[in-house]
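Chemist: After the C-alpha cells below, expect a handful of questions from me.
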Amino acid sequence: MLFELIGIPPQALFGQLLLGLINGAFYAMMSLGLAVIFGLLNVINFTHGAQYMMGAFAAWMLLEWAGIPYWGALVLAPLIVGATGVVMEKLLLKRLYHLDHLYGLLLTFGLALMIEGVFRKQFGSSGLPYANPLPGGTRLDFMFLPNYRAWIVIASLVICFGTWFMIERTKLGSYLRAATERPDLVQAFGINVPRMITLTYGFGVGLAGLAGVLAAPAYNVSPLMGSNLIIIVFAVVVIGGMGSILGAIITGFSLGIIEGLTKVFYPEASNTVIFIVMAIVLMVKPAGLFGTPK
Amino acid sequence: MIGIGLVAPIAIYPVFLMKVLCFALFACAFNLLIGYVGLLSFGHAMFFGLAAYVSGYSVKAWGFSPELGILYGTACGAVLGLVTGLLAIRRQGIYFAMVTLALSQMVFFYCLQVKFTGGEDGIQAIPRRPLFGLINIQNDLTFYYVVLAIFAGAFLLIWRTVNSPFGQVLKAIRENEPRAISLGYRVDHYKLLAFVLSAALAGLAGATKALVFQLASLTDVTWQMSGEVVLMTLVGGMGTIFGPVVGAAVIITMQNYLAGFGEWVLVIQGFIFVVVVMAFRKGIVGEIQAWWERRTNKA
C-alpha cells in the first residue's frame with residue numbers, strides 16, 4: 001500500500017536497499033582497515049584501494065593459475081596481500097614516520113599509481129569475470145535474495161565485529177591502543193612496538209585484500225576497482241571521524257544504505273550523495289560523527 | 001627566466017611551451033598552499049577543470065572574447081575556491097587532503113552529468129577569436145607570447161604575495177599555527193584567503209589551457225590530475241618559488257616523450273613519486289638551493 005503511494009515498486013526499493021547494504025559492507029571493511037592503520041601508523045594508506053584490487057586479483061590468479069577455489073582464496077589471498085603490506089612497511093613506510101604525515105600519504109599515493117599501472121598493463125582496463133561460488137538464491141515475499149549477496153553482508157558483519165572485538169576487548173588490542181597513545185612507554189614494558197606496527201599494517205592491508213576477495217564474484221575483477229572505491233571510502237572516513245573503529249563500521253554501512261535509497265528516489269544524485277553528506281557533516285561537526293576534535 | 005621564455009619558441013614547438021606554462025602556473029598556484037601555508041590540497045583539479053569548462057563554454061556558446069572567457073573562468077575558480085575552502089579549512093593535515101579530494105570528486109561527477117560540459121566528449125573546437133578584438137591568436141607563436149604574459153603576471157602576483165606581510169603570516173601559520181593564533185592572527189581568514197587565491201590562479205591556468213588546446217575535457221577534473229600537480233610540485237621542490245615551474249617542465253616533457261609507453265607512464269610516475277618522497281624530498285630546485293647554501297657557507 002505504502003509503496004503504491006510513493007510510486008516505487010517494492011522489488012526496486014528492496015533491490016536497491018540490498019545493493020546499498022552490500023556497497024556499505026565494502027565501505028565499512030575498507031574504512032575499518034584505514035582506521036586500524038591510521039590508529040598506529042598515523043598514515044593515510046592511499047594504497048588501500050590498490051590493495052583491495054590486489055585481493056580480487058589474487059583470488060582470480062589462485063583460481064585460474066593454481067586451481068584454488070574461492071574458499072581457499074578467501075584465506076590465502078588476504079595473507080598474500082597482507083605479506084606485500086609487511087614488505088612495503090619494512091622497506092619504505094618505516095623510514096618516513098619521523099617526518100610530516102603528508103609524506104606517508106604521498107608515498108602510498110605513488111605506490112598506488114605503480115600497482116595500478118602494472119595491473120592495467122598486464123590485464124587491460126576492462127575487467128575479468130570471476131565465477132559466483134554460491135549461485136542461486138531465496139525468494140522472499142518482497143524480493144529475490146541471491147545467496148552470494150547475503151553471504152557478503154554476513155561475512156562483512158562478522159569481519160567488522162571480529163576486528164572491533166579484537167581491538168576493543170582483548171589484551172592484544174589493549175597493547176595496540178596503548179602503543180597508539182605512548183609508544184615509548186609501551187616499548188619500555190618490553191613489547192616490540194616496531195614489529196607490532198609492521199604487523200598492524202599487514203593486518204590492515206590484509207583486511208583490504210579480504211574485501212577484494214569478497215568483491216571478486218560480485219563485481220568484475222578490474223585494475224580500476226580500487227581507485228574507484230578509495231575516494232568514496234575517504235569521504236566515509238571523514239564523515240565517520242578517523243578516531244573510532246565503531247564509527248568506521250556504522251558510517252560505512254549507513255552511507256551504503258543512504259546511497260542505495262538515493263538511487264531509488266533521485267538517481268541523478270546517487271554518485272554525489274556521499275560527498276553531499278560529507279559537506280553537511282563538516283559544517284556541523286568538523287571532526288566527523290564519531291571523531292574527537294584534534 | 002623571462003629571457004629564456006622570450007627566446008624559447010625559436011627552438012621548441014610553441015604549443016608544447018604553452019602546455020608547460022599552463023601547468024607551471026597550475027603548479028605554482030598549488031605550491032602557494034602546500035609550500036607557504038602547509039596545506040596539501042588533493043583536489044586542485046576541480047578549479048583547473050571547472051575553469052576550463054566555463055571559459056570554453058562561454059567562449060564557444062555565448063561568444064565571449066578570449067580575455068572575458070579567461071576572466072570568467074578565473075572568477076568561477078575563485079568562487080568554487082571560496083565554497084570548498086570554507087568547508088576544507090576546518091580540518092588540518094591529512095584530513096584537509098582527504099576533504100579536498102572528496103569535494104573535487106563531487107565536482108567531477110557534477111561535470112560528468114550536467115549538459116554544458118558535453119559529458120564524455122568535453123567541449124571541443126573552442127574558437128580563438130582575436131584578443132581584445134585586435135591581436136590574432138590563431139597564430140600559435142603570437143598566442144604563446146600572450147600565455148607567457150599571463151604566466152609572468154600570475155607568477156609576479158604569487159612572488160609578491162609570498163614576500164608580503166600577508167605571506168609572512170602564512171609562513172608563520174605553516175611553522176606554528178597555535179603560536180600564530182596566540183599572536184592574535186585570525187588564522188582561518190588567512191588560510192581561506194590563500195585558498196581562494198590559489199583556486200583562482202589554478203582556474204586561470206585551466207581557462208588558459210582550454211583556449212590553448214581549444215578543448216575542455218573530463219581529464220582536467222579527475223583526481224589523477226590533482227595527483228599530477230602534486231607530483232610536479234614535489235619533483236620541482238615544495239616551497240621554492242621556481243620549483244613548480246621546473247617540476248611542470250620535467251613532468252610534461254616526460255609525458256610527451258613517454259606517451260608511446262601507454263600504461264607504463266602511470267608506473268613511471270608512481271615510481272618518481274616514491275623516489276622523490278624517499279630520497280629527494282626537497283625536489284630539484286630545493287636540492288640545488290641546499291647545495292648552494294652549503295657551498296657558500298664553507299667558503
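The chains in the C-alpha cells are called A, B, ... from first to last as shown; in each chain the residues are counted from 1, and the ligands are counted from 1 in the order shown.
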For chain A, list the residues within 7 Å of chain B, counting only C-alpha atoms, and write the list as a PyMOL selection string.

Modeler: chain A and resi 102-103+107+110-111+113-114+117-118+120-121+231+234-235+271-272+275+279+282-283+286

Chemist: Just write the chosen residues, N, CA and C atoms, as an mmCIF file, in the first residue's frame.

Modeler:
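Below is the file part37.cif, written as the result:
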data_model
loop_
_atom_site.group_PDB
_atom_site.id
_atom_site.type_symbol
_atom_site.label_atom_id
_atom_site.label_comp_id
_atom_site.auth_asym_id
_atom_site.auth_seq_id
_atom_site.Cartn_x
_atom_site.Cartn_y
_atom_site.Cartn_z
ATOM 1 N N LEU A 102 52.226 13.966 5.909
ATOM 2 C CA LEU A 102 51.896 14.127 4.495
ATOM 3 C C LEU A 102 52.760 13.228 3.619
ATOM 4 N N TYR A 103 54.010 12.962 4.062
ATOM 5 C CA TYR A 103 54.886 12.149 3.233
ATOM 6 C C TYR A 103 54.400 10.709 3.141
ATOM 7 N N LEU A 107 53.743 8.938 -0.371
ATOM 8 C CA LEU A 107 54.396 7.672 -0.733
ATOM 9 C C LEU A 107 53.360 6.632 -1.127
ATOM 10 N N GLY A 110 51.968 7.297 -4.531
ATOM 11 C CA GLY A 110 52.864 6.869 -5.604
ATOM 12 C C GLY A 110 52.825 5.368 -5.809
ATOM 13 N N LEU A 111 52.827 4.620 -4.696
ATOM 14 C CA LEU A 111 52.766 3.163 -4.799
ATOM 15 C C LEU A 111 51.461 2.718 -5.446
ATOM 16 N N LEU A 113 49.737 4.311 -7.668
ATOM 17 C CA LEU A 113 49.867 4.527 -9.116
ATOM 18 C C LEU A 113 50.655 3.396 -9.761
ATOM 19 N N MET A 114 51.774 3.015 -9.118
ATOM 20 C CA MET A 114 52.608 1.963 -9.686
ATOM 21 C C MET A 114 51.846 0.648 -9.788
ATOM 22 N N GLY A 117 49.161 0.808 -12.406
ATOM 23 C CA GLY A 117 49.764 0.798 -13.734
ATOM 24 C C GLY A 117 50.191 -0.595 -14.166
ATOM 25 N N VAL A 118 50.841 -1.328 -13.263
ATOM 26 C CA VAL A 118 51.307 -2.674 -13.597
ATOM 27 C C VAL A 118 50.120 -3.582 -13.930
ATOM 28 N N ARG A 120 47.146 -2.672 -14.945
ATOM 29 C CA ARG A 120 46.498 -2.248 -16.185
ATOM 30 C C ARG A 120 47.284 -2.717 -17.394
ATOM 31 N N LYS A 121 48.614 -2.661 -17.271
ATOM 32 C CA LYS A 121 49.476 -3.127 -18.351
ATOM 33 C C LYS A 121 49.239 -4.617 -18.597
ATOM 34 N N ILE A 231 38.218 6.860 -3.103
ATOM 35 C CA ILE A 231 37.809 8.238 -2.808
ATOM 36 C C ILE A 231 36.534 8.236 -1.965
ATOM 37 N N PHE A 234 37.424 7.432 1.497
ATOM 38 C CA PHE A 234 37.981 8.604 2.185
ATOM 39 C C PHE A 234 36.861 9.497 2.696
ATOM 40 N N ALA A 235 35.832 9.707 1.874
ATOM 41 C CA ALA A 235 34.703 10.524 2.319
ATOM 42 C C ALA A 235 34.023 9.875 3.520
ATOM 43 N N ASN A 271 25.627 9.408 -7.344
ATOM 44 C CA ASN A 271 27.091 9.428 -7.323
ATOM 45 C C ASN A 271 27.648 10.411 -6.305
ATOM 46 N N THR A 272 26.875 11.463 -6.034
ATOM 47 C CA THR A 272 27.432 12.545 -5.220
ATOM 48 C C THR A 272 26.888 12.571 -3.807
ATOM 49 N N PHE A 275 29.267 12.608 -0.911
ATOM 50 C CA PHE A 275 30.054 13.840 -0.760
ATOM 51 C C PHE A 275 29.190 14.969 -0.214
ATOM 52 N N ALA A 279 29.820 17.125 3.148
ATOM 53 C CA ALA A 279 29.830 18.582 3.285
ATOM 54 C C ALA A 279 28.947 19.010 4.447
ATOM 55 N N LEU A 282 30.593 18.131 7.777
ATOM 56 C CA LEU A 282 31.725 19.019 8.067
ATOM 57 C C LEU A 282 31.262 20.361 8.596
ATOM 58 N N MET A 283 30.109 20.827 8.077
ATOM 59 C CA MET A 283 29.612 22.121 8.552
ATOM 60 C C MET A 283 29.181 22.032 10.002
ATOM 61 N N PRO A 286 33.002 19.355 12.425
ATOM 62 C CA PRO A 286 34.222 19.247 11.615
ATOM 63 C C PRO A 286 35.050 18.002 11.933
#

Chemist: Would you kindly return, as an NGL selection string, each protein, DNA or RNA residue with an atom no farther than 9 Å from any atom of Glu120 (chain B), considering only C-alpha atoms and excluding same-chain residues fewer than 2 positions away?

Modeler: :B and (112 or 117-118 or 122 or 217-218)

Chemist: Take the residues from that selection and write them out as a PDB file, in the first residue's frame, keeping C-alpha atoms.

Modeler:
ATOM      1  CA  LEU B 112      30.090  14.317 -15.853  1.00  0.00           C
ATOM      2  CA  THR B 117      30.259  20.147 -20.275  1.00  0.00           C
ATOM      3  CA  GLY B 118      29.397  17.746 -23.098  1.00  0.00           C
ATOM      4  CA  GLY B 122      34.002  17.533 -23.446  1.00  0.00           C
ATOM      5  CA  SER B 217      37.546  17.621 -21.140  1.00  0.00           C
ATOM      6  CA  LEU B 218      36.924  15.351 -18.178  1.00  0.00           C
TER       7      LEU B 218
END

Chemist: Which of region 18-229 of chain B end up as helix (DSSP H, G or I) when DSSP is run on this backbone - answer as a ChimeraX atom specification?

Modeler: /B:18-36,45-60,66-88,93-113,140-162,165-175,177-182,187-213,218-221,223-229

Chemist: Rank B:Phe132, B:Tyr36, B:Trp291, B:Phe242 by their smallest atom-to-atom distance to Thr161 (chain B), using only C-alpha atoms, and report the top residue only.

Modeler: B:Tyr36

Chemist: Between A:Ile280, A:Ala28, A:Leu41, A:Met53, which is the closest to Glu89 (chain A) once you count only C-alpha atoms?

Modeler: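 The closest residue to Glu89 (chain A) is A:Leu41.
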
Chemist: May I ask for the distance between CA of Val81 (chain A) and CA of Phe38 (chain A), given in Å to one decimal place?

Modeler: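 Pair CA of Val81 (chain A) / CA of Phe38 (chain A) returns 18.1 Å.
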
Chemist: Quote the spacing between CA of Ser226 (chain B) and CA of Val187 (chain B) in Å to one decimal place.

Modeler: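 Pair CA of Ser226 (chain B) / CA of Val187 (chain B) returns 25.3 Å.
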
Chemist: For the atom pair CA of Gly49 (chain A) and CA of Leu229 (chain A), what is the interatomic distance in Å to one decimal place?

Modeler: 6.5 Å

Chemist: Which residues are close to Phe290 (chain A), i.e. within 10 Å by only C-alpha atoms, leaving aside same-chain residues fewer than 4 positions away? Reply as a list in words.

Modeler: Val237, Val238, Ile239, Gly240, Gly241, Met242, Gly243, Ser244, Ile245, Leu246, Gly247, Ala248, Ile250, Thr251 and Lys285 of chain A
